[in-house]
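Dropping input_32.cif in here (mmCIF, N, CA and C atoms):
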data_data
#
loop_
_atom_site.group_PDB
_atom_site.id
_atom_site.type_symbol
_atom_site.label_atom_id
_atom_site.label_comp_id
_atom_site.auth_asym_id
_atom_site.auth_seq_id
_atom_site.Cartn_x
_atom_site.Cartn_y
_atom_site.Cartn_z
ATOM 1 N N GLY I 1 10.229 25.802 10.587
ATOM 2 C CA GLY I 1 9.070 26.307 11.255
ATOM 3 C C GLY I 1 8.781 25.516 12.526
ATOM 4 N N THR I 2 8.124 26.175 13.446
ATOM 5 C CA THR I 2 7.731 25.547 14.707
ATOM 6 C C THR I 2 6.289 25.927 15.020
ATOM 7 N N ILE I 3 5.508 24.957 15.479
ATOM 8 C CA ILE I 3 4.111 25.180 15.863
ATOM 9 C C ILE I 3 3.992 24.981 17.365
ATOM 10 N N TRP I 4 3.194 25.828 18.048
ATOM 11 C CA TRP I 4 2.981 25.664 19.486
ATOM 12 C C TRP I 4 1.542 26.028 19.847
ATOM 13 N N TRP I 5 1.125 25.553 20.998
ATOM 14 C CA TRP I 5 -0.192 25.844 21.541
ATOM 15 C C TRP I 5 -0.155 27.193 22.225
ATOM 16 N N ASP I 6 -1.051 28.094 21.852
ATOM 17 C CA ASP I 6 -1.173 29.409 22.470
ATOM 18 C C ASP I 6 -2.422 29.384 23.354
ATOM 19 N N ALA I 7 -2.235 29.229 24.646
ATOM 20 C CA ALA I 7 -3.358 29.112 25.581
ATOM 21 C C ALA I 7 -4.191 30.386 25.632
ATOM 22 N N LYS I 8 -3.613 31.555 25.287
ATOM 23 C CA LYS I 8 -4.370 32.805 25.306
ATOM 24 C C LYS I 8 -5.415 32.849 24.201
ATOM 25 N N GLY I 9 -5.184 32.102 23.107
ATOM 26 C CA GLY I 9 -6.067 32.128 21.941
ATOM 27 C C GLY I 9 -7.466 31.641 22.220
ATOM 28 N N PRO I 10 -7.705 30.439 22.596
ATOM 29 C CA PRO I 10 -6.719 29.369 22.501
ATOM 30 C C PRO I 10 -6.649 28.839 21.073
ATOM 31 N N GLY I 11 -5.488 28.356 20.704
ATOM 32 C CA GLY I 11 -5.270 27.795 19.376
ATOM 33 C C GLY I 11 -3.785 27.626 19.130
ATOM 34 N N PHE I 12 -3.429 27.246 17.932
ATOM 35 C CA PHE I 12 -2.027 27.015 17.576
ATOM 36 C C PHE I 12 -1.474 28.204 16.812
ATOM 37 N N ARG I 13 -0.222 28.490 17.034
ATOM 38 C CA ARG I 13 0.515 29.508 16.279
ATOM 39 C C ARG I 13 1.757 28.848 15.697
ATOM 40 N N PHE I 14 2.351 29.511 14.716
ATOM 41 C CA PHE I 14 3.616 29.018 14.182
ATOM 42 C C PHE I 14 4.572 30.174 13.957
ATOM 43 N N VAL I 15 5.839 29.868 13.958
ATOM 44 C CA VAL I 15 6.861 30.808 13.519
ATOM 45 C C VAL I 15 7.524 30.160 12.307
ATOM 46 N N TRP I 16 7.731 30.951 11.265
ATOM 47 C CA TRP I 16 8.345 30.458 10.037
ATOM 48 C C TRP I 16 9.535 31.339 9.704
ATOM 49 N N CYS I 17 10.667 30.704 9.441
ATOM 50 C CA CYS I 17 11.883 31.410 9.041
ATOM 51 C C CYS I 17 12.319 30.885 7.689
ATOM 52 N N ASP I 18 12.621 31.801 6.765
ATOM 53 C CA ASP I 18 12.966 31.404 5.410
ATOM 54 C C ASP I 18 13.877 32.464 4.794
ATOM 55 N N SER I 19 15.048 32.067 4.377
ATOM 56 C CA SER I 19 15.993 33.025 3.796
ATOM 57 C C SER I 19 15.787 33.202 2.300
ATOM 58 N N SER I 20 15.003 32.338 1.660
ATOM 59 C CA SER I 20 14.836 32.457 0.216
ATOM 60 C C SER I 20 13.442 32.931 -0.202
ATOM 61 N N ALA I 21 12.564 33.180 0.742
ATOM 62 C CA ALA I 21 11.221 33.672 0.409
ATOM 63 C C ALA I 21 11.265 35.164 0.097
ATOM 64 N N ILE I 22 10.221 35.648 -0.576
ATOM 65 C CA ILE I 22 10.147 37.075 -0.891
ATOM 66 C C ILE I 22 10.177 37.902 0.387
ATOM 67 N N ASP I 23 9.511 37.420 1.432
ATOM 68 C CA ASP I 23 9.496 38.124 2.717
ATOM 69 C C ASP I 23 10.511 37.471 3.659
ATOM 70 N N ALA I 24 11.749 37.316 3.195
ATOM 71 C CA ALA I 24 12.806 36.622 3.934
ATOM 72 C C ALA I 24 12.881 37.076 5.382
ATOM 73 N N GLY I 25 13.138 36.120 6.249
ATOM 74 C CA GLY I 25 13.246 36.381 7.670
ATOM 75 C C GLY I 25 12.296 35.480 8.432
ATOM 76 N N CYS I 26 11.953 35.881 9.645
ATOM 77 C CA CYS I 26 11.057 35.083 10.489
ATOM 78 C C CYS I 26 9.805 35.880 10.805
ATOM 79 N N ARG I 27 8.684 35.161 10.899
ATOM 80 C CA ARG I 27 7.439 35.810 11.290
ATOM 81 C C ARG I 27 6.567 34.824 12.049
ATOM 82 N N VAL I 28 5.746 35.361 12.931
ATOM 83 C CA VAL I 28 4.783 34.573 13.702
ATOM 84 C C VAL I 28 3.434 34.697 13.005
ATOM 85 N N SER I 29 2.681 33.603 12.972
ATOM 86 C CA SER I 29 1.379 33.602 12.296
ATOM 87 C C SER I 29 0.453 34.674 12.862
ATOM 88 N N SER I 30 -0.339 35.245 11.985
ATOM 89 C CA SER I 30 -1.262 36.306 12.390
ATOM 90 C C SER I 30 -2.582 35.739 12.918
ATOM 91 N N GLU I 31 -2.861 34.479 12.616
ATOM 92 C CA GLU I 31 -4.119 33.853 13.034
ATOM 93 C C GLU I 31 -3.831 32.542 13.750
ATOM 94 N N LEU I 32 -4.834 32.043 14.451
ATOM 95 C CA LEU I 32 -4.702 30.783 15.173
ATOM 96 C C LEU I 32 -5.070 29.607 14.288
ATOM 97 N N GLY I 33 -4.358 28.510 14.449
ATOM 98 C CA GLY I 33 -4.670 27.279 13.745
ATOM 99 C C GLY I 33 -5.500 26.375 14.633
ATOM 100 N N SER I 34 -6.196 25.416 14.006
ATOM 101 C CA SER I 34 -7.033 24.514 14.790
ATOM 102 C C SER I 34 -7.276 23.219 14.021
ATOM 103 N N TRP I 35 -7.784 22.240 14.751
ATOM 104 C CA TRP I 35 -8.192 20.976 14.162
ATOM 105 C C TRP I 35 -9.617 21.113 13.664
ATOM 106 N N ASN I 36 -9.867 20.572 12.483
ATOM 107 C CA ASN I 36 -11.210 20.497 11.915
ATOM 108 C C ASN I 36 -11.431 19.029 11.572
ATOM 109 N N GLY I 37 -11.931 18.271 12.536
ATOM 110 C CA GLY I 37 -12.035 16.823 12.372
ATOM 111 C C GLY I 37 -10.642 16.217 12.372
ATOM 112 N N GLN I 38 -10.303 15.505 11.303
ATOM 113 C CA GLN I 38 -8.984 14.876 11.176
ATOM 114 C C GLN I 38 -7.998 15.746 10.404
ATOM 115 N N THR I 39 -8.374 16.992 10.120
ATOM 116 C CA THR I 39 -7.541 17.909 9.343
ATOM 117 C C THR I 39 -7.079 19.064 10.228
ATOM 118 N N PHE I 40 -5.787 19.430 10.112
ATOM 119 C CA PHE I 40 -5.239 20.555 10.861
ATOM 120 C C PHE I 40 -5.071 21.721 9.892
ATOM 121 N N VAL I 41 -5.591 22.899 10.260
ATOM 122 C CA VAL I 41 -5.599 24.053 9.367
ATOM 123 C C VAL I 41 -4.959 25.263 10.048
ATOM 124 N N MET I 42 -4.039 25.908 9.320
ATOM 125 C CA MET I 42 -3.420 27.163 9.770
ATOM 126 C C MET I 42 -3.686 28.219 8.707
ATOM 127 N N ASN I 43 -4.140 29.408 9.116
ATOM 128 C CA ASN I 43 -4.322 30.541 8.208
ATOM 129 C C ASN I 43 -3.358 31.638 8.611
ATOM 130 N N ASP I 44 -2.961 32.431 7.634
ATOM 131 C CA ASP I 44 -2.025 33.519 7.912
ATOM 132 C C ASP I 44 -2.217 34.609 6.864
ATOM 133 N N LYS I 45 -1.897 35.828 7.250
ATOM 134 C CA LYS I 45 -1.828 36.929 6.293
ATOM 135 C C LYS I 45 -0.639 37.791 6.681
ATOM 136 N N HIS I 46 0.084 38.263 5.676
ATOM 137 C CA HIS I 46 1.240 39.103 5.915
ATOM 138 C C HIS I 46 1.520 39.944 4.668
ATOM 139 N N GLU I 47 2.307 40.957 4.841
ATOM 140 C CA GLU I 47 2.598 41.873 3.752
ATOM 141 C C GLU I 47 3.886 41.471 3.048
ATOM 142 N N VAL I 48 3.846 41.495 1.718
ATOM 143 C CA VAL I 48 5.019 41.243 0.891
ATOM 144 C C VAL I 48 5.076 42.340 -0.164
ATOM 145 N N GLU I 49 6.145 43.096 -0.153
ATOM 146 C CA GLU I 49 6.339 44.192 -1.117
ATOM 147 C C GLU I 49 5.125 45.121 -1.186
ATOM 148 N N GLY I 50 4.557 45.453 -0.029
ATOM 149 C CA GLY I 50 3.446 46.394 0.061
ATOM 150 C C GLY I 50 2.070 45.817 -0.210
ATOM 151 N N LYS I 51 1.979 44.503 -0.483
ATOM 152 C CA LYS I 51 0.683 43.880 -0.759
ATOM 153 C C LYS I 51 0.413 42.784 0.262
ATOM 154 N N MET I 52 -0.869 42.634 0.620
ATOM 155 C CA MET I 52 -1.241 41.581 1.554
ATOM 156 C C MET I 52 -1.281 40.235 0.822
ATOM 157 N N VAL I 53 -0.714 39.229 1.481
ATOM 158 C CA VAL I 53 -0.723 37.854 0.980
ATOM 159 C C VAL I 53 -1.458 37.009 2.014
ATOM 160 N N PHE I 54 -2.395 36.199 1.562
ATOM 161 C CA PHE I 54 -3.177 35.327 2.433
ATOM 162 C C PHE I 54 -2.767 33.886 2.155
ATOM 163 N N GLU I 55 -2.607 33.119 3.220
ATOM 164 C CA GLU I 55 -2.196 31.728 3.083
ATOM 165 C C GLU I 55 -3.060 30.827 3.959
ATOM 166 N N LYS I 56 -3.247 29.614 3.489
ATOM 167 C CA LYS I 56 -3.934 28.580 4.254
ATOM 168 C C LYS I 56 -3.112 27.311 4.081
ATOM 169 N N GLU I 57 -2.740 26.709 5.187
ATOM 170 C CA GLU I 57 -1.964 25.475 5.158
ATOM 171 C C GLU I 57 -2.807 24.369 5.778
ATOM 172 N N VAL I 58 -2.927 23.255 5.060
ATOM 173 C CA VAL I 58 -3.806 22.167 5.476
ATOM 174 C C VAL I 58 -3.012 20.870 5.550
ATOM 175 N N TRP I 59 -3.026 20.234 6.733
ATOM 176 C CA TRP I 59 -2.429 18.912 6.910
ATOM 177 C C TRP I 59 -3.580 17.918 6.931
ATOM 178 N N SER I 60 -3.526 16.918 6.042
ATOM 179 C CA SER I 60 -4.613 15.953 5.946
ATOM 180 C C SER I 60 -4.062 14.557 5.656
ATOM 181 N N ASP I 61 -4.968 13.606 5.557
ATOM 182 C CA ASP I 61 -4.596 12.219 5.253
ATOM 183 C C ASP I 61 -3.495 11.719 6.183
ATOM 184 N N MET I 62 -3.593 12.071 7.455
ATOM 185 C CA MET I 62 -2.543 11.715 8.416
ATOM 186 C C MET I 62 -2.708 10.298 8.932
ATOM 187 N N THR I 63 -1.597 9.592 8.917
ATOM 188 C CA THR I 63 -1.518 8.267 9.530
ATOM 189 C C THR I 63 -0.260 8.264 10.395
ATOM 190 N N THR I 64 0.045 7.160 11.010
ATOM 191 C CA THR I 64 1.286 7.087 11.801
ATOM 192 C C THR I 64 2.514 7.072 10.892
ATOM 193 N N HIS I 65 2.311 6.882 9.583
ATOM 194 C CA HIS I 65 3.446 6.776 8.661
ATOM 195 C C HIS I 65 3.449 7.797 7.529
ATOM 196 N N SER I 66 2.405 8.645 7.433
ATOM 197 C CA SER I 66 2.371 9.579 6.304
ATOM 198 C C SER I 66 1.414 10.744 6.569
ATOM 199 N N PHE I 67 1.540 11.775 5.738
ATOM 200 C CA PHE I 67 0.601 12.898 5.766
ATOM 201 C C PHE I 67 0.700 13.653 4.444
ATOM 202 N N LYS I 68 -0.304 14.495 4.206
ATOM 203 C CA LYS I 68 -0.302 15.400 3.058
ATOM 204 C C LYS I 68 -0.397 16.822 3.600
ATOM 205 N N GLN I 69 0.412 17.715 3.073
ATOM 206 C CA GLN I 69 0.441 19.113 3.488
ATOM 207 C C GLN I 69 0.225 19.967 2.245
ATOM 208 N N SER I 70 -0.854 20.762 2.235
ATOM 209 C CA SER I 70 -1.190 21.597 1.077
ATOM 210 C C SER I 70 -1.155 23.063 1.477
ATOM 211 N N LEU I 71 -0.521 23.890 0.647
ATOM 212 C CA LEU I 71 -0.426 25.331 0.899
ATOM 213 C C LEU I 71 -1.186 26.059 -0.195
ATOM 214 N N TYR I 72 -2.136 26.910 0.240
ATOM 215 C CA TYR I 72 -2.928 27.731 -0.663
ATOM 216 C C TYR I 72 -2.534 29.186 -0.450
ATOM 217 N N VAL I 73 -2.422 29.968 -1.524
ATOM 218 C CA VAL I 73 -1.984 31.358 -1.442
ATOM 219 C C VAL I 73 -2.884 32.205 -2.338
ATOM 220 N N GLY I 74 -3.142 33.453 -1.910
ATOM 221 C CA GLY I 74 -3.943 34.361 -2.734
ATOM 222 C C GLY I 74 -3.902 35.783 -2.230
ATOM 223 N N ASN I 75 -4.615 36.662 -2.946
ATOM 224 C CA ASN I 75 -4.650 38.081 -2.576
ATOM 225 C C ASN I 75 -5.801 38.411 -1.636
ATOM 226 N N SER I 76 -6.602 37.376 -1.275
ATOM 227 C CA SER I 76 -7.644 37.529 -0.255
ATOM 228 C C SER I 76 -7.924 36.143 0.321
ATOM 229 N N ALA I 77 -8.555 36.113 1.470
ATOM 230 C CA ALA I 77 -8.875 34.832 2.107
ATOM 231 C C ALA I 77 -9.885 34.046 1.273
ATOM 232 N N GLU I 78 -10.665 34.737 0.440
ATOM 233 C CA GLU I 78 -11.674 34.090 -0.392
ATOM 234 C C GLU I 78 -11.131 33.689 -1.762
ATOM 235 N N ASN I 79 -9.914 34.100 -2.093
ATOM 236 C CA ASN I 79 -9.351 33.860 -3.423
ATOM 237 C C ASN I 79 -8.022 33.116 -3.315
ATOM 238 N N LEU I 80 -8.052 31.931 -2.714
ATOM 239 C CA LEU I 80 -6.832 31.156 -2.532
ATOM 240 C C LEU I 80 -6.709 30.106 -3.626
ATOM 241 N N LYS I 81 -5.467 29.895 -4.076
ATOM 242 C CA LYS I 81 -5.197 28.869 -5.078
ATOM 243 C C LYS I 81 -4.116 27.948 -4.543
ATOM 244 N N LEU I 82 -4.213 26.681 -4.903
ATOM 245 C CA LEU I 82 -3.214 25.716 -4.478
ATOM 246 C C LEU I 82 -1.848 26.132 -5.006
ATOM 247 N N PHE I 83 -0.889 26.265 -4.111
ATOM 248 C CA PHE I 83 0.475 26.674 -4.456
ATOM 249 C C PHE I 83 1.426 25.483 -4.448
ATOM 250 N N MET I 84 1.234 24.590 -3.458
ATOM 251 C CA MET I 84 2.165 23.485 -3.304
ATOM 252 C C MET I 84 1.527 22.391 -2.462
ATOM 253 N N THR I 85 1.852 21.138 -2.777
ATOM 254 C CA THR I 85 1.433 19.994 -1.973
ATOM 255 C C THR I 85 2.650 19.143 -1.672
ATOM 256 N N ILE I 86 2.790 18.771 -0.412
ATOM 257 C CA ILE I 86 3.861 17.880 0.033
ATOM 258 C C ILE I 86 3.208 16.597 0.511
ATOM 259 N N LYS I 87 3.678 15.478 0.023
ATOM 260 C CA LYS I 87 3.230 14.181 0.516
ATOM 261 C C LYS I 87 4.438 13.526 1.165
ATOM 262 N N ALA I 88 4.324 13.264 2.447
ATOM 263 C CA ALA I 88 5.451 12.701 3.202
ATOM 264 C C ALA I 88 5.118 11.286 3.651
ATOM 265 N N LYS I 89 6.136 10.452 3.619
ATOM 266 C CA LYS I 89 5.973 9.067 4.051
ATOM 267 C C LYS I 89 7.215 8.668 4.835
ATOM 268 N N ARG I 90 6.997 8.047 5.980
ATOM 269 C CA ARG I 90 8.103 7.595 6.816
ATOM 270 C C ARG I 90 8.895 6.526 6.074
ATOM 271 N N ARG I 91 10.202 6.699 6.094
ATOM 272 C CA ARG I 91 11.071 5.702 5.466
ATOM 273 C C ARG I 91 11.202 4.480 6.363
ATOM 274 N N ALA I 92 11.351 3.352 5.738
ATOM 275 C CA ALA I 92 11.580 2.135 6.503
ATOM 276 C C ALA I 92 12.935 2.252 7.181
ATOM 277 N N ARG I 93 13.003 1.802 8.402
ATOM 278 C CA ARG I 93 14.241 1.876 9.161
ATOM 279 C C ARG I 93 15.247 0.890 8.591
ATOM 280 N N SER I 94 16.464 1.365 8.346
ATOM 281 C CA SER I 94 17.499 0.457 7.841
ATOM 282 C C SER I 94 18.215 -0.159 9.046
ATOM 283 N N HIS I 95 18.532 -1.397 8.924
ATOM 284 C CA HIS I 95 19.201 -2.117 10.011
ATOM 285 C C HIS I 95 20.672 -2.319 9.651
ATOM 286 N N PRO I 96 21.572 -2.110 10.647
ATOM 287 C CA PRO I 96 23.007 -2.263 10.364
ATOM 288 C C PRO I 96 23.399 -3.699 10.076
#
Whole structure given in structure tokens:
Amino acid sequence: GTIWWDAKGPGFRFVWCDSSAIDAGCRVSSELGSWNGQTFVMNDKHEVEGKMVFEKEVWSDMTTHSFKQSLYVGNSAENLKLFMTIKAKRRARSHP
């Protein structure tokens, strides 16, 4: 996936490509993402097998060495459930 600034919005958009998802292929986000304090939030809705799927992706707890990324999914923007959380931490650099 790639995120970029959309000056027309203004806000952030993303493109996501996935060969193993139910909606395999690439798509551009339907909504703009933005910063909410120290948290970055992206919302999206798209159709999968004839049904609308709503998603919210939240990046939080960001430091120069780590972050948490949470994905919420549901059948409406008001009915989202936590689907997945990624906690990333920068690895210590190995020296030759």
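Residues matched by the PyMOL selection byres ((chain I and resi 17) around 7) in this file are Gly1, Thr2, Val15, Trp16, Asp18, Ser19, Ser20, Ala24, Gly25, Cys26 and Arg27 of chain I.
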Determine, counting all atoms listed in the file, which protein, DNA and RNA residues have an atom within 8 Å of an atom of Val41 in chain I; residues of the same chain fewer than 5 positions away are not included. Present the result as a PyMOL selection string. chain I and resi 32-36+56-60
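CA of Ser30 in chain I is found 10.7 Å from CA of Phe12 in chain I.
Of note, CA of Gly11 in chain I and atom C of Gln38 in chain I are spaced 15.3 Å apart.
Candidate residues I:Lys8, I:Thr39, I:Asn79, I:His46 were compared for distance to Asp61 in chain I, and the nearest is I:Thr39, using only N, CA and C atoms.
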I need the residues in chain I that are strand (DSSP E) according to DSSP; give them as a VMD selection string. chain I and resid 2 to 6 11 to 18 25 to 28 34 to 36 39 to 48 51 to 60 66 to 74 80 to 89
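Interatomic distance, atom N of Gly74 in chain I to atom C of Phe54 in chain I: 4.1 Å.
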Translate the PyMOL selection byres ((chain I and resi 69) around 6), as applied to the file shown, into an explicit residue set as a PDB file with N, CA and C atoms, in the coordinates of the input.
ATOM      1  N   VAL I  58      -2.927  23.255   5.060  1.00  0.00           N
ATOM      2  CA  VAL I  58      -3.806  22.167   5.476  1.00  0.00           C
ATOM      3  C   VAL I  58      -3.012  20.870   5.550  1.00  0.00           C
ATOM      4  N   TRP I  59      -3.026  20.234   6.733  1.00  0.00           N
ATOM      5  CA  TRP I  59      -2.429  18.912   6.910  1.00  0.00           C
ATOM      6  C   TRP I  59      -3.580  17.918   6.931  1.00  0.00           C
ATOM      7  N   SER I  60      -3.526  16.918   6.042  1.00  0.00           N
ATOM      8  CA  SER I  60      -4.613  15.953   5.946  1.00  0.00           C
ATOM      9  C   SER I  60      -4.062  14.557   5.656  1.00  0.00           C
ATOM     10  N   PHE I  67       1.540  11.775   5.738  1.00  0.00           N
ATOM     11  CA  PHE I  67       0.601  12.898   5.766  1.00  0.00           C
ATOM     12  C   PHE I  67       0.700  13.653   4.444  1.00  0.00           C
ATOM     13  N   LYS I  68      -0.304  14.495   4.206  1.00  0.00           N
ATOM     14  CA  LYS I  68      -0.302  15.400   3.058  1.00  0.00           C
ATOM     15  C   LYS I  68      -0.397  16.822   3.600  1.00  0.00           C
ATOM     16  N   SER I  70      -0.854  20.762   2.235  1.00  0.00           N
ATOM     17  CA  SER I  70      -1.190  21.597   1.077  1.00  0.00           C
ATOM     18  C   SER I  70      -1.155  23.063   1.477  1.00  0.00           C
ATOM     19  N   LEU I  71      -0.521  23.890   0.647  1.00  0.00           N
ATOM     20  CA  LEU I  71      -0.426  25.331   0.899  1.00  0.00           C
ATOM     21  C   LEU I  71      -1.186  26.059  -0.195  1.00  0.00           C
ATOM     22  N   MET I  84       1.234  24.590  -3.458  1.00  0.00           N
ATOM     23  CA  MET I  84       2.165  23.485  -3.304  1.00  0.00           C
ATOM     24  C   MET I  84       1.527  22.391  -2.462  1.00  0.00           C
ATOM     25  N   THR I  85       1.852  21.138  -2.777  1.00  0.00           N
ATOM     26  CA  THR I  85       1.433  19.994  -1.973  1.00  0.00           C
ATOM     27  C   THR I  85       2.650  19.143  -1.672  1.00  0.00           C
ATOM     28  N   ILE I  86       2.790  18.771  -0.412  1.00  0.00           N
ATOM     29  CA  ILE I  86       3.861  17.880   0.033  1.00  0.00           C
ATOM     30  C   ILE I  86       3.208  16.597   0.511  1.00  0.00           C
ATOM     31  N   LYS I  87       3.678  15.478   0.023  1.00  0.00           N
ATOM     32  CA  LYS I  87       3.230  14.181   0.516  1.00  0.00           C
ATOM     33  C   LYS I  87       4.438  13.526   1.165  1.00  0.00           C
ATOM     34  N   ALA I  88       4.324  13.264   2.447  1.00  0.00           N
ATOM     35  CA  ALA I  88       5.451  12.701   3.202  1.00  0.00           C
ATOM     36  C   ALA I  88       5.118  11.286   3.651  1.00  0.00           C
TER      37      ALA I  88
END
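Proximity to Tyr72 in chain I was assessed for I:Glu55, I:Arg13, I:Glu49, I:Arg93 counting all atoms listed in the file; the smallest distance is recorded for I:Glu55.
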